[in-house]
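Report on the following structure.
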Amino acid sequence: MQKYSHLPQLEVGILFSPEICFRLNGIFTCRTTGKKYTGAYNIRQTEDGYLLSQADHREPVSLPLTFEPEDDTTSDFDLTDVVIGIQFHWERKENQKFKGKLKIIDEQKHLTAINILSLEDYLLSVISSEMRATSSAEFLKAHAVISRSWLLAQIDKAKTVRGTYSSCRVDQEEYIRWYDREDHAHFDVCADDHCQRYQGITRIATPQVAEAVRSTRGEVLTSESRICDARFSKCCGGAMEEFQNCWENVRHPYLTGKRDYIPESHASDSEKQITGPAIQLPDLTQEEEADRWIRTSPDAFCNTQDKKILSQVLNNYDQETTDFYRWKISYSQQELAELIHQRSGIDFGEIIDLIPVERGTSGRLIRLKIVGTLRTLTIGKELEIRRTLSPSHLYSSAFLVDKEKGEEGNVPTRFTLTGAGWGHGVGLCQIGAAVMGERGYYYKDILAHYYPGSRLEKQYE
């Protein structure tokens, strides 16, 4: 594993729209045109090419365009109507502010606004965007390490997978798809939940966040001489999932099934270091065990209703979500049939059954068979299941299906899904890690719990 000789720079995709509206706060130079720019602009494609407009001034331009601030310490730029929570239940638009360079490219379907900046500056925003900056210091440091690790792992991975990577397997009986950052061919990562939340300097970094990033500068998790693909989600639901059950069929030894719980007898009171193994996790790949687990509320770090801790992890729009450790949703026959048709593009007719085919280590469904009066198809992996059974996304794919049947026939009149957790459940559980931080665990022990067998190494100064 080769270490970095300098601070990495990265490109983050922010806004995807037929027209990009932005404001340059300060003097910016565009090398493509050789001109200097400041103030409010918009750029769009016309029949004759691309047009950059400011008030009543119109200027034909060629893409890509890169605007570089003359003074990076005092200049920044604004982007208008950035969509956050894309296709999730909290989706909305907001105006955002960024430091660094602004690059605009054409991705055929839309124009894309990209922010170019250093990795450490990126982390200041990620830590403030993913959670409250008032979280415990050890939790903030743990998240700084995994966000840095994940990003560098994706950059390394992109060097080998572009042009050769397939995330879909389809035949007459199955539709298996997973969603990963390989969807981005023209920049390193996006700024939304698909990758990591990054909202520029819109979320002002507090001194606590700055210190967490500074004190862990260059630190990453490694395993088998590679930087760890350090995944994380909001709430694992008490059990962590394995990587290959959500994405490509590659096993990572540090992303393994495990219970999100350490009895107090296995932690030192004076230092809160882990001194014993985590309590055994039931075999949730078995339907009977998964049923028992999901219908109950086992002890877990993320099994908390502590508003103080939850307010650290959940930003304002996240706090609109409740009951994520265990949740329930119910559909009538008509609602479910119409929803599945709309989301999948397949007319299954009336829905006769939703049958678990395969579960992962956290009880999350990897494959689900949809049985309809017109069509039967098995779908997966977890995010495809969540997308198909919700107008946005189900909280997770760790759910059970209960059916109510009417007086006539075998077609159910109602389906009730009882579920566990929020997100894919792989790697660090943000709510669980926040609880660990509040209970006095050091960041290295939080990382050891969620990424067993990994090592902490410094990649650059």
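Ordering of the structure tokens sets the chain letters (A, B, ...), residue numbers begin anew at 1 in every chain, and ligands are numbered from 1 in the order given.
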Excluding Ala40 of chain A and residues on its chain fewer than 4 positions from it, collect all residues at most 10 Å away from it, counting only C-alpha atoms, and give them as a ChimeraX atom specification. /A:21-25,53-55,77-79
N, CA and C atoms of the current selection, written as a PDB file, in the first residue's frame:
ATOM      1  N   CYS A  21     -27.403  27.507 -11.769  1.00  0.00           N
ATOM      2  CA  CYS A  21     -27.387  28.889 -11.297  1.00  0.00           C
ATOM      3  C   CYS A  21     -26.387  28.997 -10.148  1.00  0.00           C
ATOM      4  N   PHE A  22     -25.476  29.969 -10.233  1.00  0.00           N
ATOM      5  CA  PHE A  22     -24.436  30.075  -9.211  1.00  0.00           C
ATOM      6  C   PHE A  22     -24.020  31.524  -9.021  1.00  0.00           C
ATOM      7  N   ARG A  23     -23.423  31.791  -7.872  1.00  0.00           N
ATOM      8  CA  ARG A  23     -22.890  33.118  -7.573  1.00  0.00           C
ATOM      9  C   ARG A  23     -21.445  32.975  -7.120  1.00  0.00           C
ATOM     10  N   LEU A  24     -20.547  33.725  -7.747  1.00  0.00           N
ATOM     11  CA  LEU A  24     -19.135  33.738  -7.384  1.00  0.00           C
ATOM     12  C   LEU A  24     -18.899  34.908  -6.435  1.00  0.00           C
ATOM     13  N   ASN A  25     -18.572  34.607  -5.206  1.00  0.00           N
ATOM     14  CA  ASN A  25     -18.364  35.636  -4.180  1.00  0.00           C
ATOM     15  C   ASN A  25     -16.867  35.907  -4.072  1.00  0.00           C
ATOM     16  N   SER A  53     -24.774  33.307 -18.734  1.00  0.00           N
ATOM     17  CA  SER A  53     -25.514  34.566 -18.663  1.00  0.00           C
ATOM     18  C   SER A  53     -25.330  35.231 -17.312  1.00  0.00           C
ATOM     19  N   GLN A  54     -25.234  36.578 -17.354  1.00  0.00           N
ATOM     20  CA  GLN A  54     -25.218  37.405 -16.144  1.00  0.00           C
ATOM     21  C   GLN A  54     -26.016  38.662 -16.421  1.00  0.00           C
ATOM     22  N   ALA A  55     -27.141  38.810 -15.705  1.00  0.00           N
ATOM     23  CA  ALA A  55     -28.047  39.944 -15.949  1.00  0.00           C
ATOM     24  C   ALA A  55     -28.394  39.976 -17.437  1.00  0.00           C
ATOM     25  N   PHE A  77     -18.346  30.280  -3.367  1.00  0.00           N
ATOM     26  CA  PHE A  77     -19.404  30.369  -4.371  1.00  0.00           C
ATOM     27  C   PHE A  77     -20.670  29.695  -3.863  1.00  0.00           C
ATOM     28  N   ASP A  78     -21.824  30.138  -4.378  1.00  0.00           N
ATOM     29  CA  ASP A  78     -23.131  29.600  -4.010  1.00  0.00           C
ATOM     30  C   ASP A  78     -23.716  28.835  -5.190  1.00  0.00           C
ATOM     31  N   LEU A  79     -24.405  27.745  -4.897  1.00  0.00           N
ATOM     32  CA  LEU A  79     -25.181  27.013  -5.887  1.00  0.00           C
ATOM     33  C   LEU A  79     -26.644  27.062  -5.471  1.00  0.00           C
TER      34      LEU A  79
END
Would you pick out the contacts of Ile446 of chain A at 7 Å or less, using only C-alpha atoms, so that residues sharing its chain but fewer than 6 positions from it are not included, and give the list as a count of residues only? 3
Best match for closeness to Tyr198 of chain A among A:Ser344, A:Ser17, A:Ser125, A:Thr413, counting only C-alpha atoms: A:Ser125
Using only C-alpha atoms, which of A:Asp291, A:Asp81, A:Asp299, A:Glu138 sits nearest Gly238 of chain A?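 Counting only C-alpha atoms, the residue closest to Gly238 of chain A is A:Asp299.
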Could you check how far atom CA of Ile279 of chain A sits from atom CA of Tyr451 of chain A, in Å to one decimal? 15.7 Å
Neighbour list for His6 of chain A as a PDB file with all heavy atoms, in the first residue's frame, cut-off 12 Å, only C-alpha atoms, skip fewer than 4 positions in-chain:
ATOM      1  N   GLN A   2       0.779   2.061  -1.041  1.00  0.00           N
ATOM      2  CA  GLN A   2       1.579   3.255  -1.178  1.00  0.00           C
ATOM      3  C   GLN A   2       0.904   4.419  -0.473  1.00  0.00           C
ATOM      4  O   GLN A   2      -0.254   4.724  -0.716  1.00  0.00           O
ATOM      5  CB  GLN A   2       1.797   3.588  -2.654  1.00  0.00           C
ATOM      6  CG  GLN A   2       2.715   4.771  -2.879  1.00  0.00           C
ATOM      7  CD  GLN A   2       2.971   5.009  -4.353  1.00  0.00           C
ATOM      8  OE1 GLN A   2       2.449   4.289  -5.197  1.00  0.00           O
ATOM      9  NE2 GLN A   2       3.772   6.014  -4.664  1.00  0.00           N
ATOM     10  N   SER A 118      -9.617  20.178  -1.263  1.00  0.00           N
ATOM     11  CA  SER A 118      -8.759  19.207  -0.594  1.00  0.00           C
ATOM     12  C   SER A 118      -9.588  18.250   0.242  1.00  0.00           C
ATOM     13  O   SER A 118     -10.686  18.583   0.692  1.00  0.00           O
ATOM     14  CB  SER A 118      -7.741  19.912   0.312  1.00  0.00           C
ATOM     15  OG  SER A 118      -8.363  20.373   1.500  1.00  0.00           O
ATOM     16  N   LEU A 119      -9.061  17.063   0.457  1.00  0.00           N
ATOM     17  CA  LEU A 119      -9.783  16.045   1.219  1.00  0.00           C
ATOM     18  C   LEU A 119     -10.087  16.500   2.641  1.00  0.00           C
ATOM     19  O   LEU A 119     -11.181  16.266   3.151  1.00  0.00           O
ATOM     20  CB  LEU A 119      -8.979  14.745   1.239  1.00  0.00           C
ATOM     21  CG  LEU A 119      -9.690  13.501   1.776  1.00  0.00           C
ATOM     22  CD1 LEU A 119      -9.132  12.250   1.121  1.00  0.00           C
ATOM     23  CD2 LEU A 119      -9.564  13.364   3.279  1.00  0.00           C
ATOM     24  N   GLU A 120      -9.132  17.158   3.296  1.00  0.00           N
ATOM     25  CA  GLU A 120      -9.357  17.571   4.685  1.00  0.00           C
ATOM     26  C   GLU A 120     -10.416  18.661   4.781  1.00  0.00           C
ATOM     27  O   GLU A 120     -11.220  18.668   5.720  1.00  0.00           O
ATOM     28  CB  GLU A 120      -8.035  18.037   5.317  1.00  0.00           C
ATOM     29  CG  GLU A 120      -6.991  16.927   5.460  1.00  0.00           C
ATOM     30  CD  GLU A 120      -7.434  15.804   6.400  1.00  0.00           C
ATOM     31  OE1 GLU A 120      -7.848  16.102   7.530  1.00  0.00           O
ATOM     32  OE2 GLU A 120      -7.354  14.630   5.986  1.00  0.00           O
ATOM     33  N   GLY A 218      -4.979  12.523   8.186  1.00  0.00           N
ATOM     34  CA  GLY A 218      -4.268  11.464   7.468  1.00  0.00           C
ATOM     35  C   GLY A 218      -4.537  10.060   7.957  1.00  0.00           C
ATOM     36  O   GLY A 218      -4.071   9.098   7.347  1.00  0.00           O
ATOM     37  N   GLN A 459      -1.783   7.994   6.545  1.00  0.00           N
ATOM     38  CA  GLN A 459      -1.457   7.948   5.126  1.00  0.00           C
ATOM     39  C   GLN A 459      -0.742   9.200   4.628  1.00  0.00           C
ATOM     40  O   GLN A 459      -0.070   9.172   3.600  1.00  0.00           O
ATOM     41  CB  GLN A 459      -2.736   7.765   4.304  1.00  0.00           C
ATOM     42  CG  GLN A 459      -3.328   6.378   4.392  1.00  0.00           C
ATOM     43  CD  GLN A 459      -2.440   5.365   3.722  1.00  0.00           C
ATOM     44  OE1 GLN A 459      -2.174   5.421   2.536  1.00  0.00           O
ATOM     45  NE2 GLN A 459      -1.964   4.391   4.497  1.00  0.00           N
ATOM     46  N   TYR A 460      -0.909  10.309   5.305  1.00  0.00           N
ATOM     47  CA  TYR A 460      -0.218  11.550   4.912  1.00  0.00           C
ATOM     48  C   TYR A 460      -0.195  12.482   6.112  1.00  0.00           C
ATOM     49  O   TYR A 460      -0.953  12.322   7.077  1.00  0.00           O
ATOM     50  CB  TYR A 460      -0.904  12.221   3.711  1.00  0.00           C
ATOM     51  CG  TYR A 460      -2.378  12.489   3.881  1.00  0.00           C
ATOM     52  CD1 TYR A 460      -2.843  13.623   4.561  1.00  0.00           C
ATOM     53  CD2 TYR A 460      -3.330  11.600   3.379  1.00  0.00           C
ATOM     54  CE1 TYR A 460      -4.200  13.862   4.709  1.00  0.00           C
ATOM     55  CE2 TYR A 460      -4.681  11.831   3.518  1.00  0.00           C
ATOM     56  CZ  TYR A 460      -5.110  12.955   4.176  1.00  0.00           C
ATOM     57  OH  TYR A 460      -6.452  13.185   4.346  1.00  0.00           O
ATOM     58  N   GLU A 461       0.720  13.446   6.076  1.00  0.00           N
ATOM     59  CA  GLU A 461       0.889  14.401   7.173  1.00  0.00           C
ATOM     60  C   GLU A 461      -0.011  15.612   6.979  1.00  0.00           C
ATOM     61  O   GLU A 461      -0.354  15.973   5.877  1.00  0.00           O
ATOM     62  CB  GLU A 461       2.354  14.853   7.254  1.00  0.00           C
ATOM     63  CG  GLU A 461       3.318  13.715   7.558  1.00  0.00           C
ATOM     64  CD  GLU A 461       3.037  13.064   8.907  1.00  0.00           C
ATOM     65  OE1 GLU A 461       2.546  13.747   9.824  1.00  0.00           O
ATOM     66  OE2 GLU A 461       3.340  11.858   9.039  1.00  0.00           O
TER      67      GLU A 461
END
For segment 111-117 of chain A: contacts at 8 Å, only C-alpha atoms, fewer than 6 positions along chain excluded, given as a list in words: Gln9, Leu10, Glu11, Val12, Gly13, Ile14, Leu15, Phe16, Ser17, Pro18, Glu19, Ile20, Arg44, Phe98, Lys99, Gly100, Lys101, Leu102, Lys103, Ile104, Ile105 and Phe187 of chain A
DSSP on the backbone, then: every residue of segment 140-295 of chain A marked alpha helix (DSSP H), written as a ChimeraX atom specification. /A:140-161,207-215,287-295
Which is closest to Val170 of chain A among A:Thr378, A:Gly34, A:Ser397, A:Arg364, if we use only C-alpha atoms?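 Counting only C-alpha atoms, the residue closest to Val170 of chain A is A:Thr378.
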Contacts of segment 152-159 of chain A at 12 Å (only C-alpha atoms; same-chain gap of 5+ positions) as number ranges by chain: A: 1-4, 7-12, 119-120, 123, 145-147, 164-165, 180-190, 195-196, 218-223, 225-231, 459-460
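Counting from atom CA of Glu350 of chain A, the distance to atom CA of Ser392 of chain A is 21.2 Å.
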What is the distance between atom CA of Phe139 of chain A and atom CA of Ala210 of chain A, in Å to one decimal?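 Value for the atom CA of Phe139 of chain A-atom CA of Ala210 of chain A distance: 13.2 Å.
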Go through segment 197-242 of chain A and collect every residue that DSSP, computed from the backbone, puts in strand (DSSP E); the answer should be as a PyMOL selection string. chain A and resi 219-223+226-227+232-233+239-240
Residues as selected, N, CA, C and O atoms, written as an mmCIF file, in the first residue's frame, can you do that?
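The resulting file, again.cif, is reproduced below:
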data_model
loop_
_atom_site.group_PDB
_atom_site.id
_atom_site.type_symbol
_atom_site.label_atom_id
_atom_site.label_comp_id
_atom_site.auth_asym_id
_atom_site.auth_seq_id
_atom_site.Cartn_x
_atom_site.Cartn_y
_atom_site.Cartn_z
ATOM 1 N N GLU A 219 -5.301 9.896 9.051
ATOM 2 C CA GLU A 219 -5.542 8.565 9.613
ATOM 3 C C GLU A 219 -6.646 7.835 8.842
ATOM 4 O O GLU A 219 -7.711 8.397 8.583
ATOM 5 N N VAL A 220 -6.375 6.583 8.498
ATOM 6 C CA VAL A 220 -7.358 5.740 7.826
ATOM 7 C C VAL A 220 -7.333 4.348 8.445
ATOM 8 O O VAL A 220 -6.380 3.969 9.135
ATOM 9 N N LEU A 221 -8.375 3.590 8.183
ATOM 10 C CA LEU A 221 -8.413 2.184 8.560
ATOM 11 C C LEU A 221 -7.868 1.359 7.400
ATOM 12 O O LEU A 221 -8.171 1.639 6.231
ATOM 13 N N THR A 222 -7.070 0.348 7.718
ATOM 14 C CA THR A 222 -6.533 -0.526 6.687
ATOM 15 C C THR A 222 -6.776 -1.986 7.056
ATOM 16 O O THR A 222 -6.952 -2.331 8.226
ATOM 17 N N SER A 223 -6.779 -2.821 6.045
ATOM 18 C CA SER A 223 -6.909 -4.268 6.223
ATOM 19 C C SER A 223 -6.241 -4.950 5.035
ATOM 20 O O SER A 223 -6.476 -4.556 3.884
ATOM 21 N N ARG A 226 -4.642 -2.710 2.417
ATOM 22 C CA ARG A 226 -5.494 -1.841 1.609
ATOM 23 C C ARG A 226 -6.309 -0.940 2.537
ATOM 24 O O ARG A 226 -6.638 -1.327 3.662
ATOM 25 N N ILE A 227 -6.637 0.254 2.041
ATOM 26 C CA ILE A 227 -7.498 1.146 2.817
ATOM 27 C C ILE A 227 -8.901 0.565 2.856
ATOM 28 O O ILE A 227 -9.429 0.102 1.844
ATOM 29 N N PHE A 232 -20.975 3.004 6.330
ATOM 30 C CA PHE A 232 -21.703 3.355 7.547
ATOM 31 C C PHE A 232 -23.149 3.636 7.194
ATOM 32 O O PHE A 232 -23.481 3.928 6.046
ATOM 33 N N SER A 233 -24.025 3.522 8.192
ATOM 34 C CA SER A 233 -25.447 3.823 8.001
ATOM 35 C C SER A 233 -26.000 4.431 9.273
ATOM 36 O O SER A 233 -25.314 4.480 10.299
ATOM 37 N N ALA A 239 -27.945 -5.212 14.614
ATOM 38 C CA ALA A 239 -27.084 -6.224 13.994
ATOM 39 C C ALA A 239 -26.476 -5.649 12.728
ATOM 40 O O ALA A 239 -27.181 -5.018 11.927
ATOM 41 N N MET A 240 -25.192 -5.886 12.532
ATOM 42 C CA MET A 240 -24.487 -5.351 11.369
ATOM 43 C C MET A 240 -24.533 -6.331 10.205
ATOM 44 O O MET A 240 -24.471 -7.536 10.394
#
Residue among A:Thr304, A:Ser390, A:Thr38, A:Gln286 lying closest to Leu339 of chain A, counting only C-alpha atoms: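 Counting only C-alpha atoms, the residue closest to Leu339 of chain A is A:Ser390.
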When distances are computed from only C-alpha atoms, which of A:Thr285, A:Leu400, A:Phe301, A:Val426 shows the smallest separation from Arg359 of chain A?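 Selected residue with least distance to Arg359 of chain A: A:Thr285.
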Name the closest residue to Tyr261 of chain A among the candidates A:Gln280, A:Gln208, A:Gln45, A:Asn95; distances are taken between atoms, counting only C-alpha atoms.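 The shortest atom-to-atom distance to Tyr261 of chain A comes from A:Gln280.
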Contacts of Thr361 of chain A at 9 Å or less, counting only C-alpha atoms, minus same-chain residues fewer than 6 places along, as number ranges by chain? A: 239-242, 245, 256-258, 281-285
Expected file: the selected residues, all heavy atoms, as a compact mmCIF listing (two decimals), in the first residue's frame:
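Produced file again01.txt, reproduced below:
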# COMPACT_ATOMS: atom_id res chain seq x y z
N ALA A 239 -27.95 -5.21 14.61
CA ALA A 239 -27.08 -6.22 13.99
C ALA A 239 -26.48 -5.65 12.73
O ALA A 239 -27.18 -5.02 11.93
CB ALA A 239 -27.88 -7.48 13.67
N MET A 240 -25.19 -5.89 12.53
CA MET A 240 -24.49 -5.35 11.37
C MET A 240 -24.53 -6.33 10.21
O MET A 240 -24.47 -7.54 10.39
CB MET A 240 -23.05 -5.00 11.75
CG MET A 240 -23.01 -3.81 12.69
SD MET A 240 -21.47 -3.39 13.44
CE MET A 240 -21.02 -4.64 14.52
N GLU A 241 -24.65 -5.77 9.01
CA GLU A 241 -24.74 -6.57 7.80
C GLU A 241 -23.36 -6.72 7.16
O GLU A 241 -22.44 -5.95 7.45
CB GLU A 241 -25.72 -5.89 6.82
CG GLU A 241 -26.10 -6.73 5.61
CD GLU A 241 -26.58 -8.11 6.01
OE1 GLU A 241 -27.69 -8.22 6.56
OE2 GLU A 241 -25.81 -9.07 5.80
N GLU A 242 -23.21 -7.72 6.28
CA GLU A 242 -21.96 -7.92 5.57
C GLU A 242 -22.00 -7.26 4.20
O GLU A 242 -23.06 -7.20 3.56
CB GLU A 242 -21.67 -9.43 5.44
CG GLU A 242 -21.47 -10.09 6.79
CD GLU A 242 -20.89 -11.50 6.69
OE1 GLU A 242 -20.80 -12.02 5.56
OE2 GLU A 242 -20.52 -12.05 7.74
N ASN A 245 -23.62 -8.66 0.88
CA ASN A 245 -25.06 -8.82 0.86
C ASN A 245 -25.78 -7.56 0.37
O ASN A 245 -26.99 -7.59 0.11
CB ASN A 245 -25.57 -9.21 2.24
CG ASN A 245 -25.10 -10.59 2.66
OD1 ASN A 245 -24.83 -11.43 1.81
ND2 ASN A 245 -24.97 -10.82 3.95
N THR A 256 -18.31 -7.32 8.67
CA THR A 256 -18.85 -8.64 8.95
C THR A 256 -20.09 -8.55 9.83
O THR A 256 -20.33 -7.53 10.49
CB THR A 256 -17.77 -9.51 9.65
OG1 THR A 256 -18.26 -10.83 9.80
CG2 THR A 256 -17.42 -8.95 11.01
N GLY A 257 -20.88 -9.62 9.83
CA GLY A 257 -22.06 -9.67 10.67
C GLY A 257 -21.68 -9.71 12.14
O GLY A 257 -20.81 -10.48 12.54
N LYS A 258 -22.34 -8.89 12.93
CA LYS A 258 -21.97 -8.78 14.35
C LYS A 258 -23.08 -8.05 15.08
O LYS A 258 -23.79 -7.23 14.50
CB LYS A 258 -20.66 -7.99 14.46
CG LYS A 258 -20.10 -7.83 15.85
CD LYS A 258 -18.81 -7.02 15.79
CE LYS A 258 -18.25 -6.81 17.20
NZ LYS A 258 -17.02 -5.98 17.17
N LEU A 281 -24.50 -13.02 18.15
CA LEU A 281 -25.65 -12.64 17.33
C LEU A 281 -26.37 -13.90 16.87
O LEU A 281 -25.74 -14.83 16.38
CB LEU A 281 -25.17 -11.84 16.11
CG LEU A 281 -26.24 -11.37 15.12
CD1 LEU A 281 -27.13 -10.32 15.76
CD2 LEU A 281 -25.57 -10.81 13.87
N PRO A 282 -27.70 -13.95 17.00
CA PRO A 282 -28.44 -15.10 16.45
C PRO A 282 -28.22 -15.23 14.95
O PRO A 282 -27.85 -14.27 14.28
CB PRO A 282 -29.91 -14.77 16.77
CG PRO A 282 -29.86 -13.74 17.85
CD PRO A 282 -28.59 -12.97 17.65
N ASP A 283 -28.47 -16.39 14.40
CA ASP A 283 -28.32 -16.61 12.97
C ASP A 283 -29.55 -16.04 12.26
O ASP A 283 -30.54 -16.73 12.03
CB ASP A 283 -28.18 -18.11 12.66
CG ASP A 283 -27.93 -18.36 11.18
OD1 ASP A 283 -27.87 -17.39 10.41
OD2 ASP A 283 -27.81 -19.55 10.81
N LEU A 284 -29.44 -14.76 11.90
CA LEU A 284 -30.60 -14.05 11.33
C LEU A 284 -30.80 -14.36 9.86
O LEU A 284 -31.74 -13.83 9.24
CB LEU A 284 -30.45 -12.54 11.56
CG LEU A 284 -30.31 -12.11 13.02
CD1 LEU A 284 -30.21 -10.60 13.13
CD2 LEU A 284 -31.47 -12.62 13.86
N THR A 285 -29.95 -15.21 9.29
CA THR A 285 -30.22 -15.68 7.92
C THR A 285 -31.35 -16.69 7.92
O THR A 285 -31.94 -16.97 6.87
CB THR A 285 -28.96 -16.31 7.30
OG1 THR A 285 -28.62 -17.50 8.02
CG2 THR A 285 -27.78 -15.34 7.35
